[in-house]
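Enquirer: Enclosed is the structure file target_18.pdb (PDB, C-alpha atoms).
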ATOM      1  CA  MET A   1      89.730 210.187 202.666
ATOM      2  CA  ASN A   2      88.912 206.896 200.990
ATOM      3  CA  ALA A   3      90.250 204.467 203.622
ATOM      4  CA  THR A   4      87.398 202.016 203.053
ATOM      5  CA  VAL A   5      87.512 201.833 199.237
ATOM      6  CA  THR A   6      89.901 198.882 199.065
ATOM      7  CA  PRO A   7      89.189 196.125 201.580
ATOM      8  CA  HIS A   8      91.766 195.898 204.321
ATOM      9  CA  ALA A   9      92.376 193.946 207.482
ATOM     10  CA  VAL A  10      94.150 195.061 210.633
ATOM     11  CA  LEU A  11      96.835 193.065 212.395
ATOM     12  CA  ILE A  12      97.709 194.299 215.878
ATOM     13  CA  LEU A  13     101.057 193.041 217.125
ATOM     14  CA  ALA A  14     100.651 192.540 220.875
ATOM     15  CA  ALA A  15     102.560 189.306 221.472
ATOM     16  CA  GLY A  16     105.623 190.848 223.095
ATOM     17  CA  ARG A  17     106.773 189.697 226.510
ATOM     18  CA  SER A  18     107.390 193.183 228.010
ATOM     19  CA  ARG A  19     110.523 191.817 229.676
ATOM     20  CA  ARG A  20     111.998 195.201 230.554
ATOM     21  CA  LEU A  21     108.753 196.578 231.957
ATOM     22  CA  GLY A  22     108.016 193.492 234.056
ATOM     23  CA  PHE A  23     104.290 193.321 233.251
ATOM     24  CA  PRO A  24     102.315 193.413 229.991
ATOM     25  CA  LYS A  25     102.587 196.938 228.586
ATOM     26  CA  GLN A  26      99.430 196.138 226.642
ATOM     27  CA  ARG A  27      97.661 196.851 229.968
ATOM     28  CA  LEU A  28      99.140 200.322 230.503
ATOM     29  CA  GLN A  29      96.358 202.882 230.745
ATOM     30  CA  VAL A  30      95.775 205.870 228.474
ATOM     31  CA  ARG A  31      92.887 208.036 229.609
ATOM     32  CA  GLY A  32      91.346 205.117 231.530
ATOM     33  CA  GLU A  33      91.666 202.583 228.705
ATOM     34  CA  SER A  34      94.336 199.913 228.258
ATOM     35  CA  LEU A  35      96.727 200.411 225.349
ATOM     36  CA  LEU A  36      95.460 197.182 223.798
ATOM     37  CA  ALA A  37      91.748 198.058 224.119
ATOM     38  CA  ARG A  38      92.461 201.543 222.776
ATOM     39  CA  THR A  39      94.412 200.188 219.800
ATOM     40  CA  VAL A  40      91.603 197.749 218.958
ATOM     41  CA  ARG A  41      88.977 200.502 219.175
ATOM     42  CA  ILE A  42      90.943 202.897 216.972
ATOM     43  CA  ALA A  43      91.806 200.147 214.471
ATOM     44  CA  ALA A  44      88.130 199.160 214.211
ATOM     45  CA  SER A  45      87.257 202.765 213.328
ATOM     46  CA  THR A  46      88.979 202.241 209.942
ATOM     47  CA  ARG A  47      86.160 199.798 209.097
ATOM     48  CA  PRO A  48      88.323 196.806 208.214
ATOM     49  CA  ALA A  49      87.109 193.391 207.099
ATOM     50  CA  GLN A  50      88.787 192.009 210.234
ATOM     51  CA  VAL A  51      90.811 193.154 213.226
ATOM     52  CA  LEU A  52      93.145 190.391 214.355
ATOM     53  CA  VAL A  53      95.158 190.757 217.545
ATOM     54  CA  ALA A  54      98.270 188.607 217.979
ATOM     55  CA  LEU A  55      98.663 187.862 221.704
ATOM     56  CA  PRO A  56     101.381 185.988 223.572
ATOM     57  CA  ALA A  57     100.482 182.369 224.377
ATOM     58  CA  HIS A  58     102.103 182.785 227.809
ATOM     59  CA  ALA A  59      99.511 185.463 228.728
ATOM     60  CA  PRO A  60      96.171 184.354 227.274
ATOM     61  CA  ASP A  61      94.396 186.491 229.900
ATOM     62  CA  LEU A  62      95.260 189.526 227.751
ATOM     63  CA  ALA A  63      92.348 188.418 225.564
ATOM     64  CA  SER A  64      90.099 190.059 228.162
ATOM     65  CA  GLU A  65      91.442 193.415 226.898
ATOM     66  CA  VAL A  66      90.153 192.663 223.379
ATOM     67  CA  ASN A  67      86.552 193.639 222.686
ATOM     68  CA  ALA A  68      85.238 190.484 220.983
ATOM     69  CA  ALA A  69      82.654 192.545 219.099
ATOM     70  CA  LEU A  70      85.472 194.469 217.393
ATOM     71  CA  ALA A  71      88.294 191.935 217.014
ATOM     72  CA  SER A  72      89.400 188.334 217.149
ATOM     73  CA  HIS A  73      92.717 187.117 218.471
ATOM     74  CA  VAL A  74      95.347 184.485 217.849
ATOM     75  CA  LEU A  75      97.854 183.211 220.403
ATOM     76  CA  VAL A  76     101.501 183.202 219.333
ATOM     77  CA  ASP A  77     103.519 180.558 221.154
ATOM     78  CA  ASP A  78     106.841 180.941 219.374
ATOM     79  CA  ASP A  79     108.635 184.238 219.819
ATOM     80  CA  THR A  80     112.055 182.946 218.811
ATOM     81  CA  HIS A  81     112.295 185.584 216.106
ATOM     82  CA  GLY A  82     110.303 188.320 217.877
ATOM     83  CA  LYS A  83     108.033 190.322 215.595
ATOM     84  CA  ALA A  84     108.964 188.022 212.717
ATOM     85  CA  SER A  85     107.439 185.024 214.506
ATOM     86  CA  THR A  86     104.273 186.995 215.193
ATOM     87  CA  LEU A  87     103.904 188.123 211.568
ATOM     88  CA  ALA A  88     104.477 184.622 210.207
ATOM     89  CA  HIS A  89     102.065 183.062 212.713
ATOM     90  CA  ALA A  90      99.264 185.602 212.275
ATOM     91  CA  ALA A  91      99.352 186.228 208.498
ATOM     92  CA  PRO A  92      97.592 182.932 207.606
ATOM     93  CA  CYS A  93      94.716 183.925 209.928
ATOM     94  CA  LEU A  94      93.885 187.036 207.894
ATOM     95  CA  PRO A  95      91.030 186.945 205.367
ATOM     96  CA  ARG A  96      92.094 186.059 201.831
ATOM     97  CA  ASP A  97      89.735 188.557 200.222
ATOM     98  CA  VAL A  98      91.507 191.659 201.505
ATOM     99  CA  HIS A  99      94.181 193.397 199.486
ATOM    100  CA  ARG A 100      96.129 195.078 202.229
ATOM    101  CA  VAL A 101      96.875 194.845 205.922
ATOM    102  CA  LEU A 102      97.212 197.728 208.343
ATOM    103  CA  ILE A 103      99.882 196.583 210.815
ATOM    104  CA  LEU A 104      99.859 198.211 214.236
ATOM    105  CA  CYS A 105     101.718 197.668 217.463
ATOM    106  CA  ALA A 106      99.804 197.760 220.734
ATOM    107  CA  ASP A 107     102.323 200.098 222.363
ATOM    108  CA  HIS A 108     101.556 203.368 220.580
ATOM    109  CA  PRO A 109      99.850 205.645 223.114
ATOM    110  CA  ALA A 110      99.637 208.542 220.634
ATOM    111  CA  LEU A 111      97.834 206.475 217.980
ATOM    112  CA  GLU A 112      95.035 208.380 216.256
ATOM    113  CA  ALA A 113      92.389 207.263 213.769
ATOM    114  CA  THR A 114      93.251 210.136 211.424
ATOM    115  CA  HIS A 115      96.817 208.854 211.069
ATOM    116  CA  LEU A 116      95.547 205.370 210.176
ATOM    117  CA  ALA A 117      93.150 206.803 207.592
ATOM    118  CA  GLN A 118      96.011 208.816 206.071
ATOM    119  CA  LEU A 119      98.168 205.688 205.878
ATOM    120  CA  LEU A 120      95.404 203.724 204.169
ATOM    121  CA  ASP A 121      94.878 206.563 201.685
ATOM    122  CA  ALA A 122      98.628 206.842 201.029
ATOM    123  CA  ALA A 123      98.904 203.085 200.452
ATOM    124  CA  GLY A 124      95.957 203.235 198.070
ATOM    125  CA  SER A 125      97.759 205.871 196.029
ATOM    126  CA  ALA A 126     101.202 204.225 196.125
ATOM    127  CA  THR A 127     102.058 201.937 193.220
ATOM    128  CA  SER A 128     103.597 199.475 195.674
ATOM    129  CA  GLY A 129     100.581 199.543 197.981
ATOM    130  CA  LEU A 130     102.979 200.253 200.860
ATOM    131  CA  ALA A 131     102.716 203.083 203.372
ATOM    132  CA  ALA A 132     104.523 203.528 206.667
ATOM    133  CA  THR A 133     104.959 205.983 209.490
ATOM    134  CA  ALA A 134     108.041 208.175 209.214
ATOM    135  CA  TYR A 135     110.053 208.528 212.398
ATOM    136  CA  ALA A 136     113.244 210.559 212.894
ATOM    137  CA  ASP A 137     115.552 207.952 211.369
ATOM    138  CA  ALA A 138     113.400 205.143 209.959
ATOM    139  CA  MET A 139     110.025 203.993 208.684
ATOM    140  CA  GLY A 140     107.884 201.690 210.791
ATOM    141  CA  GLU A 141     104.485 200.774 212.157
ATOM    142  CA  PRO A 142     101.770 201.690 211.821
ATOM    143  CA  ALA A 143     102.169 200.592 208.239
ATOM    144  CA  VAL A 144     100.095 199.249 205.373
ATOM    145  CA  VAL A 145     101.405 196.219 203.495
ATOM    146  CA  PRO A 146      99.799 194.297 200.627
ATOM    147  CA  LEU A 147      98.522 190.955 201.958
ATOM    148  CA  ALA A 148     100.395 189.004 199.282
ATOM    149  CA  ARG A 149     103.725 190.489 200.390
ATOM    150  CA  LEU A 150     102.981 189.812 204.044
ATOM    151  CA  GLN A 151     102.083 186.176 203.341
ATOM    152  CA  ALA A 152     105.427 185.646 201.583
ATOM    153  CA  PHE A 153     107.358 186.141 204.831
ATOM    154  CA  THR A 154     108.799 183.287 206.878
ATOM    155  CA  PRO A 155     109.687 183.519 210.599
ATOM    156  CA  GLU A 156     113.394 183.747 209.865
ATOM    157  CA  VAL A 157     113.078 186.802 207.645
ATOM    158  CA  SER A 158     109.759 188.461 208.535
ATOM    159  CA  GLY A 159     110.990 191.071 211.009
ATOM    160  CA  GLN A 160     113.998 192.108 208.974
ATOM    161  CA  GLY A 161     112.003 191.686 205.779
ATOM    162  CA  LEU A 162     109.254 194.003 206.973
ATOM    163  CA  ARG A 163     111.754 196.530 208.304
ATOM    164  CA  THR A 164     113.664 196.448 205.021
ATOM    165  CA  MET A 165     110.482 196.631 202.955
ATOM    166  CA  LEU A 166     109.325 199.719 204.856
ATOM    167  CA  GLN A 167     112.613 201.526 204.162
ATOM    168  CA  GLY A 168     112.272 201.138 200.387
ATOM    169  CA  PRO A 169     111.905 204.066 197.993
ATOM    170  CA  ASP A 170     108.436 202.878 196.900
ATOM    171  CA  VAL A 171     106.864 203.354 200.359
ATOM    172  CA  ALA A 172     104.422 206.211 200.867
ATOM    173  CA  ARG A 173     105.518 208.096 203.967
ATOM    174  CA  ASP A 174     103.207 209.570 206.590
ATOM    175  CA  HIS A 175     104.666 211.353 209.588
ATOM    176  CA  ALA A 176     103.542 210.380 213.080
ATOM    177  CA  ALA A 177     101.222 213.076 214.319
ATOM    178  CA  SER A 178     102.975 213.314 217.671
ATOM    179  CA  GLY A 179     106.409 213.500 216.078
ATOM    180  CA  ASP A 180     109.412 211.248 216.007
ATOM    181  CA  ASP A 181     109.764 208.503 218.573
ATOM    182  CA  ALA A 182     107.144 209.852 220.978
ATOM    183  CA  PHE A 183     104.643 207.761 218.984
ATOM    184  CA  ALA A 184     105.714 204.421 220.500
ATOM    185  CA  LEU A 185     106.641 203.047 223.899
ATOM    186  CA  ASP A 186     109.868 201.104 223.850
TER     187      ASP A 186
END
Any chance you could put this one into structure tokens?
Expert:
Amino acid sequence: MNATVTPHAVLILAAGRSRRLGFPKQRLQVRGESLLARTVRIAASTRPAQVLVALPAHAPDLASEVNAALASHVLVDDDTHGKASTLAHAAPCLPRDVHRVLILCADHPALEATHLAQLLDAAGSATSGLAATAYADAMGEPAVVPLARLQAFTPEVSGQGLRTMLQGPDVARDHAASGDDAFALD
């Protein structure tokens, strides 16, 4: 696998409010480690130029779950457009010298480093530079997106734009190792 050949950054989307759960799901434990800490650790294993974690401004204490030696964080105070707001707010904080961004959500308890390496390899081989995880009925995160395409998003279109982009015919598909929707908590 050549996951480190082309420089990449990692953006971990962890700014959700966990309204239905009632407490930050980023703190749920998987084998004694919070989902957020686990996601940061696994993301860092891909050897990116940067790991950036987007956290909710209303819960800045979640930063304690982020190992500062592995990642930095940005607080997102506007969640009017959900994931779209997070993408638009965090994209300018990514390094300009990377070519692609590995986008992860912090609520994937089955996340594995091998899957991320496969996505990075698939994106490196795809003409579009795009790769996404194939679920039963859609493509989604984890995904690799060229930085230039991510920076073109605005809050009003980012979420739908990313979702639409990941459904395109030019996206390299990699199936979630755990199968279908078991990959993510929702």
Enquirer: I would like the residues chosen by the PyMOL selection byres ((chain A and resi 9-15) around 7) on the shown file; could you give them as a VMD selection string?
Expert: chain A and resid 8 16 to 17 26 43 48 to 56 76 86 98 100 to 106
Enquirer: Take the PyMOL selection byres ((chain A and resi 31-38) around 7), apply it to the structure above, and return the hits as a list in words.
Expert: Gln26, Arg27, Leu28, Gln29, Val30, Thr39, Val40, Arg41, Ile42, Glu65, Val66, Asn67, Ala106, Asp107 and Pro109 of chain A
Enquirer: Which one is closest to A:Leu75: A:Leu62, A:Ala88, A:Ala57, A:Val145? Count all atoms listed in the file.
Expert: A:Ala57
Enquirer: Which of these residues is nearest to A:Gly124, using all atoms listed in the file: A:Val144, A:Leu150, A:Leu162, A:Leu87?
Expert: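 Once distances to A:Gly124 are computed over all atoms listed in the file, the minimum belongs to A:Val144.
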Enquirer: Between A:Ala71, A:Ala90, A:Ala113, A:Leu147, single out the one closest to A:Pro7, counting only C-alpha atoms.
Expert: A:Leu147
Enquirer: Which one is closest to A:Leu119: A:Pro60, A:His73, A:Thr80, A:Ala172? Count all atoms listed in the file.
Expert: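 Comparing A:Pro60, A:His73, A:Thr80, A:Ala172 against A:Leu119, the winner is A:Ala172.
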Enquirer: Considering only C-alpha atoms, state which residue in the set A:Met165, A:Val171, A:Ala117, A:Leu94 is at the smallest distance from A:Gly129.
Expert: A:Val171
Enquirer: Neighbouring residues of A:Arg163 were defined as those with any atom within 12 Å, considering all atoms listed in the file; residues of the same chain fewer than 2 positions away were excluded. Please report them as a ChimeraX atom specification.
Expert: /A:83-84,87,132-133,138-143,145,150,153,157-161,165-168,171
Enquirer: Quick check, in Å to one decimal: how far apart do atom CA of A:Ala123 and atom CA of A:Pro146 lie?
Expert: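 Going from atom CA of A:Ala123 over to atom CA of A:Pro146, I get 8.8 Å.
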Enquirer: Quick one: of A:Ser72, A:Thr46, A:Thr114, A:Gln151, who's nearest to A:His89, counting only C-alpha atoms?
Expert: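 Ranked by minimum distance to A:His89, first place goes to A:Gln151.
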Enquirer: To one decimal in Å, tell me the separation between atom CA of A:Ala134 and atom CA of A:His115.
Expert: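 Rounded to one decimal, the two atoms are 11.4 Å apart.
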Enquirer: Calculate how many Å separate atom CA of A:Arg149 from atom CA of A:Glu112, rounding to one decimal.
Expert: 25.4 Å
